[in-house]
Structures are given as structure tokens and as C-alpha cells.
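File shown: run-v9.cif (mmCIF, C-alpha atoms).
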data_model
loop_
_atom_site.label_atom_id
_atom_site.label_comp_id
_atom_site.auth_asym_id
_atom_site.auth_seq_id
_atom_site.Cartn_x
_atom_site.Cartn_y
_atom_site.Cartn_z
CA MET A 660 0.00 0.00 0.00
CA LEU A 661 1.40 3.39 -1.00
CA ASN A 662 1.96 6.07 1.63
CA PRO A 663 -0.26 9.13 1.23
CA THR A 664 1.36 12.31 -0.14
CA PRO A 665 1.96 15.24 2.28
CA ALA A 666 -0.90 17.18 0.68
CA ALA A 667 -3.21 14.21 1.09
CA ALA A 668 -2.05 13.77 4.67
CA THR A 669 -2.83 17.43 5.38
CA ARG A 670 -6.30 17.05 3.85
CA ALA A 671 -6.78 13.86 5.83
CA ALA A 672 -5.81 15.52 9.13
CA PRO A 673 -8.74 15.97 11.47
CA PRO A 674 -10.19 19.51 11.76
CA ARG A 675 -9.11 19.77 15.42
CA ALA A 676 -5.45 19.11 14.54
CA ARG A 677 -5.54 21.71 11.77
CA ALA A 678 -7.10 24.24 14.15
CA VAL A 679 -4.38 23.61 16.76
CA HIS A 680 -1.69 23.98 14.10
CA LEU A 681 -3.14 27.28 12.85
CA GLY A 682 -3.57 28.48 16.43
CA VAL A 683 0.14 27.94 17.19
CA ARG A 684 1.14 29.81 14.01
CA GLU A 685 -1.13 32.73 14.89
CA ARG A 686 0.33 32.94 18.39
CA LEU A 687 3.93 32.83 17.14
CA ALA A 688 3.46 35.24 14.22
CA PRO A 689 3.53 38.49 16.30
CA TYR A 690 6.77 37.40 17.98
CA ALA A 691 8.33 36.71 14.60
CA TYR A 692 7.34 40.18 13.39
CA VAL A 693 8.98 42.00 16.33
CA ALA A 694 11.98 39.66 16.62
CA PRO A 695 14.24 41.69 14.24
CA PHE A 696 13.86 44.78 16.43
CA PHE A 697 14.78 42.95 19.61
CA LEU A 698 17.68 41.24 17.86
CA LEU A 699 19.09 44.55 16.65
CA PHE A 700 18.48 46.13 20.05
CA ALA A 701 20.33 43.30 21.79
CA VAL A 702 23.35 43.64 19.46
CA PHE A 703 23.58 47.43 19.17
CA GLY A 704 21.87 48.56 22.38
CA LEU A 705 21.87 46.07 25.24
CA PHE A 706 25.30 44.55 24.66
CA PRO A 707 27.16 47.92 24.47
CA LEU A 708 25.33 49.06 27.61
CA LEU A 709 26.27 45.96 29.61
CA PHE A 710 29.82 46.04 28.25
CA THR A 711 30.16 49.68 29.37
CA PHE A 712 29.23 48.65 32.92
CA TYR A 713 31.84 45.88 32.72
CA VAL A 714 34.64 48.11 31.39
CA ALA A 715 33.92 50.73 34.08
CA LEU A 716 35.23 48.25 36.67
CA PHE A 717 38.66 48.01 35.02
CA ASP A 718 41.71 50.07 34.28
CA TRP A 719 41.21 49.25 30.61
CA ASP A 720 44.13 49.65 28.24
CA PRO A 721 42.81 49.14 24.68
CA ILE A 722 46.08 47.50 23.55
CA GLY A 723 47.42 46.32 26.91
CA GLU A 724 46.33 44.79 30.17
CA HIS A 725 42.91 45.07 31.75
CA THR A 726 43.34 45.49 35.51
CA PHE A 727 40.30 45.06 37.73
CA VAL A 728 39.90 48.11 39.99
CA GLY A 729 36.32 47.70 41.20
CA LEU A 730 34.64 51.01 41.99
CA ASP A 731 37.84 53.08 41.89
CA ASN A 732 36.82 54.75 38.64
CA PHE A 733 33.57 55.94 40.21
CA ASP A 734 35.40 57.16 43.32
CA ARG A 735 37.78 59.08 41.08
CA LEU A 736 34.81 60.49 39.20
CA LEU A 737 33.19 61.86 42.35
CA HIS A 738 36.42 63.66 43.31
CA ASP A 739 37.22 64.98 39.83
CA PRO A 740 36.47 68.73 39.51
CA ARG A 741 36.48 68.36 35.72
CA PHE A 742 33.46 66.05 35.95
CA TRP A 743 31.51 68.47 38.15
CA GLY A 744 32.43 71.33 35.85
CA ALA A 745 31.19 69.39 32.83
CA LEU A 746 28.00 68.55 34.73
CA ARG A 747 27.39 72.24 35.50
CA ASN A 748 28.04 73.16 31.88
CA THR A 749 25.63 70.49 30.68
CA PHE A 750 22.76 71.63 32.89
CA SER A 751 23.47 75.29 32.15
CA ILE A 752 23.29 74.71 28.39
CA TRP A 753 20.17 72.58 28.90
CA ALA A 754 18.40 75.32 30.86
CA LEU A 755 19.37 78.04 28.36
CA SER A 756 18.19 75.98 25.38
CA THR A 757 15.29 73.80 26.50
CA VAL A 758 13.07 76.28 28.35
CA PRO A 759 13.04 79.02 25.64
CA GLN A 760 12.91 76.36 22.93
CA LEU A 761 9.74 74.70 24.23
CA LEU A 762 8.04 78.02 24.96
CA LEU A 763 8.82 79.27 21.45
CA ALA A 764 7.66 75.99 19.91
CA LEU A 765 4.40 76.13 21.87
CA ALA A 766 3.71 79.72 20.81
CA THR A 767 4.59 79.00 17.16
CA ALA A 768 2.35 75.93 17.06
CA HIS A 769 -0.55 77.92 18.53
CA VAL A 770 -0.13 80.65 15.90
CA LEU A 771 0.16 78.19 13.01
CA ASN A 772 -2.92 76.34 14.22
CA HIS A 773 -5.09 79.46 14.33
CA ALA A 774 -3.64 81.84 11.76
CA ARG A 775 -5.38 81.94 8.41
CA LEU A 776 -2.33 81.90 6.16
CA ARG A 777 -2.01 81.32 2.48
CA ALA A 778 0.18 78.30 1.79
CA ALA A 779 -0.24 77.29 5.43
CA GLY A 780 1.22 73.87 4.66
CA PHE A 781 4.43 75.49 3.41
CA PHE A 782 4.86 77.51 6.60
CA ARG A 783 4.12 74.50 8.76
CA MET A 784 6.72 72.36 7.01
CA SER A 785 9.32 75.14 6.79
CA VAL A 786 9.77 75.06 10.57
CA LEU A 787 11.37 71.63 10.10
CA VAL A 788 14.14 72.94 7.81
CA PRO A 789 16.62 73.60 10.68
CA TYR A 790 16.15 70.02 11.88
CA ILE A 791 17.29 68.56 8.56
CA THR A 792 20.16 71.03 8.17
CA SER A 793 23.66 69.72 8.82
CA VAL A 794 24.87 70.40 12.35
CA ALA A 795 28.32 71.25 10.99
CA ALA A 796 26.84 73.88 8.65
CA THR A 797 24.75 75.30 11.50
CA THR A 798 27.83 75.56 13.73
CA ILE A 799 29.80 77.39 11.04
CA VAL A 800 27.02 79.93 10.55
CA PHE A 801 26.51 80.53 14.27
CA SER A 802 30.26 80.81 14.85
CA GLN A 803 30.28 83.62 12.29
CA LEU A 804 27.25 85.29 13.89
CA PHE A 805 28.91 85.22 17.33
CA ASP A 806 32.40 86.14 16.11
CA ARG A 807 34.11 88.79 18.21
CA ASP A 808 35.41 90.98 15.37
CA TYR A 809 33.09 90.45 12.42
CA GLY A 810 30.00 88.77 13.89
CA LEU A 811 26.58 90.25 13.28
CA LEU A 812 25.69 90.08 16.96
CA ASN A 813 28.79 92.01 18.03
CA TRP A 814 28.10 94.54 15.29
CA LEU A 815 24.71 95.21 16.85
CA ILE A 816 26.32 95.40 20.30
CA GLY A 817 28.79 97.96 18.93
CA LEU A 818 25.93 100.06 17.54
CA LEU A 819 24.52 100.27 21.05
CA GLY A 820 27.83 101.65 22.33
CA PHE A 821 29.10 98.55 24.13
CA GLN A 822 32.38 96.74 23.68
CA HIS A 823 32.50 93.57 21.62
CA VAL A 824 32.00 90.30 23.49
CA GLU A 825 34.19 87.26 22.93
CA PHE A 826 31.51 84.63 23.40
CA THR A 827 33.76 81.58 23.06
CA ALA A 828 36.12 82.82 25.81
CA SER A 829 33.53 83.16 28.59
CA VAL A 830 31.36 80.61 30.34
CA LEU A 831 28.03 82.36 29.87
CA GLY A 832 28.83 83.55 26.34
CA SER A 833 29.82 80.07 25.12
CA HIS A 834 26.75 78.55 26.76
CA ILE A 835 24.49 81.10 25.06
CA MET A 836 26.07 80.37 21.68
CA ILE A 837 25.67 76.60 22.03
CA ALA A 838 22.13 76.98 23.40
CA ALA A 839 21.22 79.12 20.38
CA MET A 840 22.42 76.34 18.06
CA VAL A 841 20.40 73.74 19.95
CA MET A 842 17.30 75.96 19.88
CA TRP A 843 17.69 76.55 16.14
CA ARG A 844 17.83 72.84 15.45
CA TRP A 845 15.05 71.51 17.69
CA THR A 846 12.42 74.26 17.97
CA GLY A 847 10.79 73.34 14.65
CA TYR A 848 10.70 69.63 15.53
CA ASN A 849 8.86 70.33 18.81
CA THR A 850 6.59 72.81 17.01
CA LEU A 851 5.36 70.05 14.69
CA LEU A 852 4.69 67.76 17.65
CA TYR A 853 2.60 70.45 19.34
CA LEU A 854 0.87 71.33 16.09
CA ALA A 855 -0.07 67.70 15.45
CA ALA A 856 -1.63 67.51 18.91
CA LEU A 857 -3.50 70.77 18.38
CA GLN A 858 -4.92 69.50 15.10
CA ALA A 859 -6.75 66.84 17.10
CA VAL A 860 -8.59 69.45 19.21
CA PRO A 861 -12.01 70.14 17.64
CA ARG A 862 -12.46 73.66 16.27
CA GLU A 863 -15.87 73.75 17.91
CA VAL A 864 -14.19 73.93 21.32
CA TYR A 865 -12.44 77.19 20.45
CA GLU A 866 -15.55 78.55 18.74
CA ALA A 867 -17.65 77.81 21.80
CA ALA A 868 -15.07 79.51 24.03
CA ALA A 869 -15.08 82.57 21.77
CA VAL A 870 -18.89 82.73 21.93
CA ASP A 871 -18.65 82.62 25.74
CA GLY A 872 -16.34 85.65 25.64
CA ALA A 873 -12.96 83.95 26.09
CA GLY A 874 -10.17 85.85 24.39
CA GLY A 875 -7.08 84.43 22.78
CA TRP A 876 -5.04 84.32 25.99
CA ARG A 877 -7.79 82.57 27.97
CA GLN A 878 -8.27 80.06 25.16
CA PHE A 879 -4.54 79.41 25.19
CA ARG A 880 -4.48 78.88 28.96
CA HIS A 881 -7.66 76.85 29.39
CA ILE A 882 -7.88 74.91 26.11
CA THR A 883 -4.51 74.73 24.40
CA ILE A 884 -2.32 74.01 27.42
CA PRO A 885 -4.59 71.30 28.95
CA SER A 886 -4.92 69.64 25.54
CA LEU A 887 -1.14 69.51 25.16
CA ARG A 888 -0.23 68.31 28.65
CA PRO A 889 0.81 64.77 27.62
CA ILE A 890 2.85 65.94 24.63
CA ILE A 891 4.42 68.71 26.74
CA VAL A 892 5.61 66.09 29.21
CA PHE A 893 7.00 64.05 26.31
CA THR A 894 8.90 66.98 24.79
CA VAL A 895 10.26 68.07 28.17
CA VAL A 896 11.65 64.60 28.81
CA THR A 897 13.09 64.07 25.33
CA SER A 898 14.61 67.56 25.35
CA THR A 899 16.14 66.90 28.76
CA ILE A 900 17.62 63.60 27.63
CA GLY A 901 18.92 65.25 24.47
CA GLY A 902 20.32 68.14 26.51
CA LEU A 903 22.22 65.74 28.75
CA GLN A 904 23.76 64.18 25.65
CA VAL A 905 24.65 67.35 23.70
CA PHE A 906 27.96 66.70 21.99
CA THR A 907 28.31 67.92 18.42
CA GLU A 908 27.62 71.61 19.05
CA PRO A 909 30.29 72.14 21.75
CA LEU A 910 32.76 69.98 19.83
CA LEU A 911 32.42 72.04 16.65
CA ALA A 912 32.21 75.33 18.54
CA SER A 913 35.86 74.90 19.57
CA PRO A 914 37.55 73.08 16.66
CA GLY A 915 40.70 71.17 17.53
CA SER A 916 39.95 71.12 21.28
CA LEU A 917 38.17 68.39 23.23
CA THR A 918 38.04 70.63 26.30
CA CYS A 919 35.90 73.30 24.57
CA GLY A 920 38.22 76.09 25.60
CA ALA A 921 41.32 76.41 27.75
CA ALA A 922 39.20 76.71 30.91
CA ARG A 923 36.75 73.95 29.86
CA GLN A 924 34.07 76.63 29.88
CA CYS A 925 31.68 74.75 27.59
CA GLN A 926 32.76 71.13 27.92
CA THR A 927 29.72 68.91 28.41
CA LEU A 928 29.53 65.43 29.94
CA THR A 929 29.54 63.66 26.59
CA LEU A 930 32.50 65.73 25.41
CA PHE A 931 34.33 64.96 28.67
CA LEU A 932 33.56 61.27 28.14
CA TYR A 933 34.94 61.45 24.59
CA GLU A 934 38.08 63.24 25.79
CA GLN A 935 38.83 60.63 28.46
CA GLY A 936 37.91 57.59 26.40
CA PHE A 937 39.14 58.42 22.91
CA GLY A 938 41.45 61.36 23.58
CA ARG A 939 43.41 59.88 26.50
CA PHE A 940 42.46 56.23 25.94
CA GLN A 941 41.28 55.82 29.53
CA PHE A 942 38.45 53.52 28.58
CA GLY A 943 37.63 52.45 32.13
CA TYR A 944 37.25 56.02 33.37
CA GLY A 945 35.35 57.01 30.24
CA SER A 946 32.97 54.09 30.79
CA ALA A 947 32.38 55.26 34.36
CA ILE A 948 31.35 58.66 32.99
CA GLY A 949 28.98 56.89 30.60
CA VAL A 950 27.44 54.93 33.47
CA ALA A 951 26.92 58.15 35.44
CA LEU A 952 25.23 59.69 32.42
CA PHE A 953 23.03 56.62 32.05
CA VAL A 954 21.94 56.91 35.69
CA MET A 955 20.95 60.53 35.09
CA VAL A 956 18.87 59.53 32.08
CA VAL A 957 17.14 56.81 34.11
CA ILE A 958 16.29 59.35 36.81
CA VAL A 959 14.81 61.67 34.19
CA ALA A 960 12.77 58.80 32.73
CA THR A 961 11.49 57.90 36.20
CA VAL A 962 10.44 61.48 36.87
CA ASN A 963 8.68 61.43 33.50
CA TYR A 964 6.74 58.31 34.44
CA LEU A 965 5.65 59.75 37.78
CA LEU A 966 4.70 63.07 36.22
CA ALA A 967 2.78 61.43 33.37
CA SER A 968 0.91 59.17 35.83
CA ARG A 969 -0.07 62.17 37.90
CA ILE A 970 -1.29 64.06 34.85
CA ARG A 971 -3.39 61.11 33.68
CA SER A 972 -4.94 60.78 37.14
CA GLU A 973 -5.87 64.48 37.15
CA ARG A 974 -7.63 64.36 33.76
CA PRO A 975 -11.42 64.06 33.97
#
Show how you would write the structure in this file as C-alpha cells.
Amino acid sequence: MLNPTPAAATRAAPPRARAVHLGVRERLAPYAYVAPFFLLFAVFGLFPLLFTFYVALFDWDPIGEHTFVGLDNFDRLLHDPRFWGALRNTFSIWALSTVPQLLLALATAHVLNHARLRAAGFFRMSVLVPYITSVAATTIVFSQLFDRDYGLLNWLIGLLGFQHVEFTASVLGSHIMIAAMVMWRWTGYNTLLYLAALQAVPREVYEAAAVDGAGGWRQFRHITIPSLRPIIVFTVVTSTIGGLQVFTEPLLASPGSLTCGAARQCQTLTLFLYEQGFGRFQFGYGSAIGVALFVMVVIVATVNYLLASRIRSERP
């Protein structure tokens, strides 16, 4: 007697067996779809993170011996004034860039959502142009604008009767210059996020408020802001994380120097990490800086979760 073919065997299988087979495939299919992401994350995200924690426990010579030192790198970090200086610079640049940036993005989104402009789509998309512009090109332009001798900003200062300011030589001046570059790049991106959220608010809500006598400012306070609370929390957190990791702007603002000036006046944490790890080849100490930065990001994410939970609980 001949054996049945596979097709015949499948047709001959009882309905219950076919249903179980299809049920297993349906349960496994979603995992197969998301598996590439988790595989890439494990290779390029999780492994480097865990390896950074491992290297931070060693005096790691990239071409020599790897001596286990335990927590000595972290103890050295806590007593290193360069680390605390870089931390102050990082938070100073973050405060000077993030707060004005989000306020400007919120105001711009509100105007674009209500203004009756011709070619409104063009104006709404043009705010994204700085985001897609090369950071190197942006730094070159802003370095010229803030130049001591020929910069446009110092020319205006001279017209007012004041002496020219050398922005790159002072702490506050260099922070303002870098913050201006960060604001230029990210304000349009946050504007589009706010605008997308505002597009979901029905026009009838604003029309009803106008009929009740609410002016533009009251509408902004009592309709726009409450409607944007979740996205405001999101942009605050992402801007804070990005501010803690600012690297390219201070690096290009002082070409040829990893200290961002002789007095390290604008050296951020990521630039300090790069100097120690790839400038001085102290990979263990550089990894300890990276771990400290990771802890700060985790704290920010935790604050975000608590704040978002509180906001959701307050919503009617």
C-alpha cells in the first residue's frame, strides 16, 4: 500500500489538529514580526550598555592589560572637579536651550494652528528645515554670527555703544552660543509635535469659548495648554535627555579642542567622556562617565513616568 502524499495527509488531518496547528502559528506570528527589532536592540543597544558597565570596573588599556579596579573609577569620578564642571556646563546649556525652545515651539504651534495663512502647509513644514540642516553647517554659521570681530551680533552690540564680546572665551557667552544652536535645530521639531496635537482638538471647542467671551489668551491657557499636557511632558523629557547628551555643538564650537576652551568653559559630559575615552584612551574612566550619564537619564525617565501618571490621574 502506498503512503499518502503530504498534501493528502494534510487534507486527511482531522479539523481539530488543523485548528491547533493554525492556532500555534497565529500565536507565534507576532513574535516573529517583532523579533528583528529585539535582535538589533540586543546587538547594538543592550550589549554595548552591559559592556560599558563591565569596562567601568577596570583600568582598561585598549592595547594592553585590563586590571580590575572595582569602583575606583567611580570614586575618582566623584572627586574629579572636571566632571563636576562638565556637569554644571551640561545643565546650564540645557536650561538656556530647552526652556526658551519649548516656549517658542508652543507659541509658534498655537499661531500656526489658528492663523489663516495662504500656503499654510508650506509655513508648517518650513519650521522643520533647521532640523534637517547639517549640524556642521549650522555651527559654522553661528560661529560667524557670534564672532568677536566680524560677527553680526557684536556689530549690533557695537551700535549700542558697548564693547564687543568674545563669546567663546567666557562661560556664559559660550553657553548662550551653544544653546542658540540647539534651539535653532530643535524648535521646529517640537513645534510640529505640538501642532499635530493641536490639530486633534475640535475647532468647535475654540468657537464655543469665543462665543462665551474667552479671548485668545484665555483660550490658550484653558484649552490649548490642557490639551497639550501629555505631549508637553513628552517633549520636556526628550529635550532633557537630548540636553544631557549634547555633543556635536560644543565639539564644533571649539575646533581642535576636546576641552571646549582652555578653561573647559563649555565642555559637556559627553564631550568629557569622549576626551577621556578616545582622547586619553582611559576607557575604564570614560565608561564610568557613561554609566553616570546613564543613571541621570534613568532618573529623568522615572520622573517622567511619575509626572505622566499624575497628569493622567488628574484628567477628567
Q: One decimal, Å: what's the distance from CA of Leu787 in chain A over to CA of Leu763 in chain A, could you say?
A: 13.9 Å
**Q.** Using all atoms listed in the file: which of A:Leu762, A:Ala715, A:Ala828, A:Leu854 has the shortest distance to Phe727 in chain A
**A.**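 Ranked by minimum distance to Phe727 in chain A, first place goes to A:Ala715.
From CA of Ala838 in chain A back to CA of Leu771 in chain A, the distance works out to 24.3 Å.
Remark: for Gln822 in chain A, the closest of the candidate residues A:Arg844, A:His881, A:Arg862, A:Arg807 is A:Arg807 (distances computed over all atoms listed in the file).
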Q: Starting from the shown file, work through the PyMOL selection byres ((chain A and resi 751) around 12) and note down what comes out as an MDAnalysis selection string.
A: chainID A and resid 744:750 752:758 830:838 899 902:903 905 924:928
Q. Looking at all atoms listed in the file, which of A:Leu910, A:Cys919, A:Ile900, A:Ser793 is the one that sits closest to Val962 in chain A?
A. A:Ile900
(Q) Can you pull out the residues contacting Phe710 in chain A? Cut-off 12 Å, using only C-alpha atoms, and skip same-chain residues under 2 positions away; I want them as number ranges by chain. (A) A: 701-708, 712-717, 942-943, 946-947, 949-950
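For the pair CA of Val786 in chain A and CA of Thr846 in chain A, the interatomic distance is 7.9 Å.
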Could I get range 884-895 of chain A rebuilt with all heavy atoms, written as a JSON list (two decimals), in the coordinates of the input?
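What follows is the written file out.json:
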[["chain", "number", "residue", "atom", "x", "y", "z"],
["A", 884, "ILE", "N", -3.26, 74.62, 26.48],
["A", 884, "ILE", "CA", -2.32, 74.01, 27.42],
["A", 884, "ILE", "C", -2.85, 72.68, 27.97],
["A", 884, "ILE", "O", -2.13, 71.67, 27.96],
["A", 884, "ILE", "CB", -1.98, 74.99, 28.57],
["A", 884, "ILE", "CG1", -1.26, 76.22, 28.02],
["A", 884, "ILE", "CG2", -1.11, 74.30, 29.62],
["A", 884, "ILE", "CD1", 0.06, 75.93, 27.36],
["A", 885, "PRO", "N", -4.10, 72.60, 28.47],
["A", 885, "PRO", "CA", -4.59, 71.30, 28.95],
["A", 885, "PRO", "C", -4.61, 70.23, 27.86],
["A", 885, "PRO", "O", -4.36, 69.05, 28.14],
["A", 885, "PRO", "CB", -6.01, 71.61, 29.44],
["A", 885, "PRO", "CG", -5.98, 73.06, 29.77],
["A", 885, "PRO", "CD", -5.08, 73.68, 28.76],
["A", 886, "SER", "N", -4.89, 70.62, 26.62],
["A", 886, "SER", "CA", -4.92, 69.64, 25.54],
["A", 886, "SER", "C", -3.53, 69.10, 25.22],
["A", 886, "SER", "O", -3.40, 67.98, 24.72],
["A", 886, "SER", "CB", -5.52, 70.27, 24.27],
["A", 886, "SER", "OG", -6.83, 70.74, 24.51],
["A", 887, "LEU", "N", -2.51, 69.89, 25.51],
["A", 887, "LEU", "CA", -1.14, 69.51, 25.16],
["A", 887, "LEU", "C", -0.36, 68.94, 26.33],
["A", 887, "LEU", "O", 0.85, 68.71, 26.19],
["A", 887, "LEU", "CB", -0.40, 70.73, 24.60],
["A", 887, "LEU", "CG", -0.86, 71.26, 23.25],
["A", 887, "LEU", "CD1", -0.03, 72.48, 22.86],
["A", 887, "LEU", "CD2", -0.74, 70.19, 22.17],
["A", 888, "ARG", "N", -0.99, 68.74, 27.48],
["A", 888, "ARG", "CA", -0.23, 68.31, 28.65],
["A", 888, "ARG", "C", 0.56, 67.02, 28.42],
["A", 888, "ARG", "O", 1.76, 66.96, 28.76],
["A", 888, "ARG", "CB", -1.17, 68.15, 29.86],
["A", 888, "ARG", "CG", -1.52, 69.47, 30.51],
["A", 888, "ARG", "CD", -2.25, 69.27, 31.81],
["A", 888, "ARG", "NE", -3.50, 68.53, 31.63],
["A", 888, "ARG", "CZ", -4.36, 68.25, 32.60],
["A", 888, "ARG", "NH1", -4.09, 68.65, 33.83],
["A", 888, "ARG", "NH2", -5.48, 67.59, 32.36],
["A", 889, "PRO", "N", -0.01, 65.98, 27.84],
["A", 889, "PRO", "CA", 0.81, 64.77, 27.62],
["A", 889, "PRO", "C", 1.98, 64.99, 26.68],
["A", 889, "PRO", "O", 3.09, 64.52, 26.94],
["A", 889, "PRO", "CB", -0.20, 63.76, 27.04],
["A", 889, "PRO", "CG", -1.53, 64.27, 27.45],
["A", 889, "PRO", "CD", -1.42, 65.75, 27.46],
["A", 890, "ILE", "N", 1.76, 65.73, 25.58],
["A", 890, "ILE", "CA", 2.85, 65.94, 24.63],
["A", 890, "ILE", "C", 3.88, 66.90, 25.20],
["A", 890, "ILE", "O", 5.07, 66.83, 24.87],
["A", 890, "ILE", "CB", 2.29, 66.45, 23.28],
["A", 890, "ILE", "CG1", 3.34, 66.29, 22.18],
["A", 890, "ILE", "CG2", 1.83, 67.88, 23.38],
["A", 890, "ILE", "CD1", 3.69, 64.88, 21.85],
["A", 891, "ILE", "N", 3.46, 67.82, 26.08],
["A", 891, "ILE", "CA", 4.42, 68.71, 26.74],
["A", 891, "ILE", "C", 5.35, 67.90, 27.64],
["A", 891, "ILE", "O", 6.56, 68.13, 27.68],
["A", 891, "ILE", "CB", 3.69, 69.81, 27.53],
["A", 891, "ILE", "CG1", 3.05, 70.82, 26.57],
["A", 891, "ILE", "CG2", 4.64, 70.53, 28.48],
["A", 891, "ILE", "CD1", 2.21, 71.87, 27.25],
["A", 892, "VAL", "N", 4.78, 66.96, 28.38],
["A", 892, "VAL", "CA", 5.61, 66.09, 29.21],
["A", 892, "VAL", "C", 6.60, 65.32, 28.34],
["A", 892, "VAL", "O", 7.79, 65.21, 28.68],
["A", 892, "VAL", "CB", 4.73, 65.12, 30.02],
["A", 892, "VAL", "CG1", 5.58, 64.09, 30.74],
["A", 892, "VAL", "CG2", 3.87, 65.89, 31.02],
["A", 893, "PHE", "N", 6.12, 64.81, 27.21],
["A", 893, "PHE", "CA", 7.00, 64.05, 26.31],
["A", 893, "PHE", "C", 8.14, 64.92, 25.80],
["A", 893, "PHE", "O", 9.31, 64.50, 25.82],
["A", 893, "PHE", "CB", 6.17, 63.51, 25.15],
["A", 893, "PHE", "CG", 7.00, 62.87, 24.06],
["A", 893, "PHE", "CD1", 7.52, 61.60, 24.22],
["A", 893, "PHE", "CD2", 7.25, 63.55, 22.88],
["A", 893, "PHE", "CE1", 8.29, 61.02, 23.23],
["A", 893, "PHE", "CE2", 8.01, 62.98, 21.88],
["A", 893, "PHE", "CZ", 8.54, 61.71, 22.05],
["A", 894, "THR", "N", 7.84, 66.13, 25.34],
["A", 894, "THR", "CA", 8.90, 66.98, 24.79],
["A", 894, "THR", "C", 9.86, 67.45, 25.88],
["A", 894, "THR", "O", 11.06, 67.61, 25.62],
["A", 894, "THR", "CB", 8.28, 68.20, 24.09],
["A", 894, "THR", "OG1", 7.38, 68.88, 24.97],
["A", 894, "THR", "CG2", 7.54, 67.78, 22.84],
["A", 895, "VAL", "N", 9.37, 67.69, 27.08],
["A", 895, "VAL", "CA", 10.26, 68.07, 28.17],
["A", 895, "VAL", "C", 11.26, 66.96, 28.45],
["A", 895, "VAL", "O", 12.47, 67.19, 28.61],
["A", 895, "VAL", "CB", 9.46, 68.43, 29.44],
["A", 895, "VAL", "CG1", 10.37, 68.53, 30.66],
["A", 895, "VAL", "CG2", 8.72, 69.74, 29.25]]
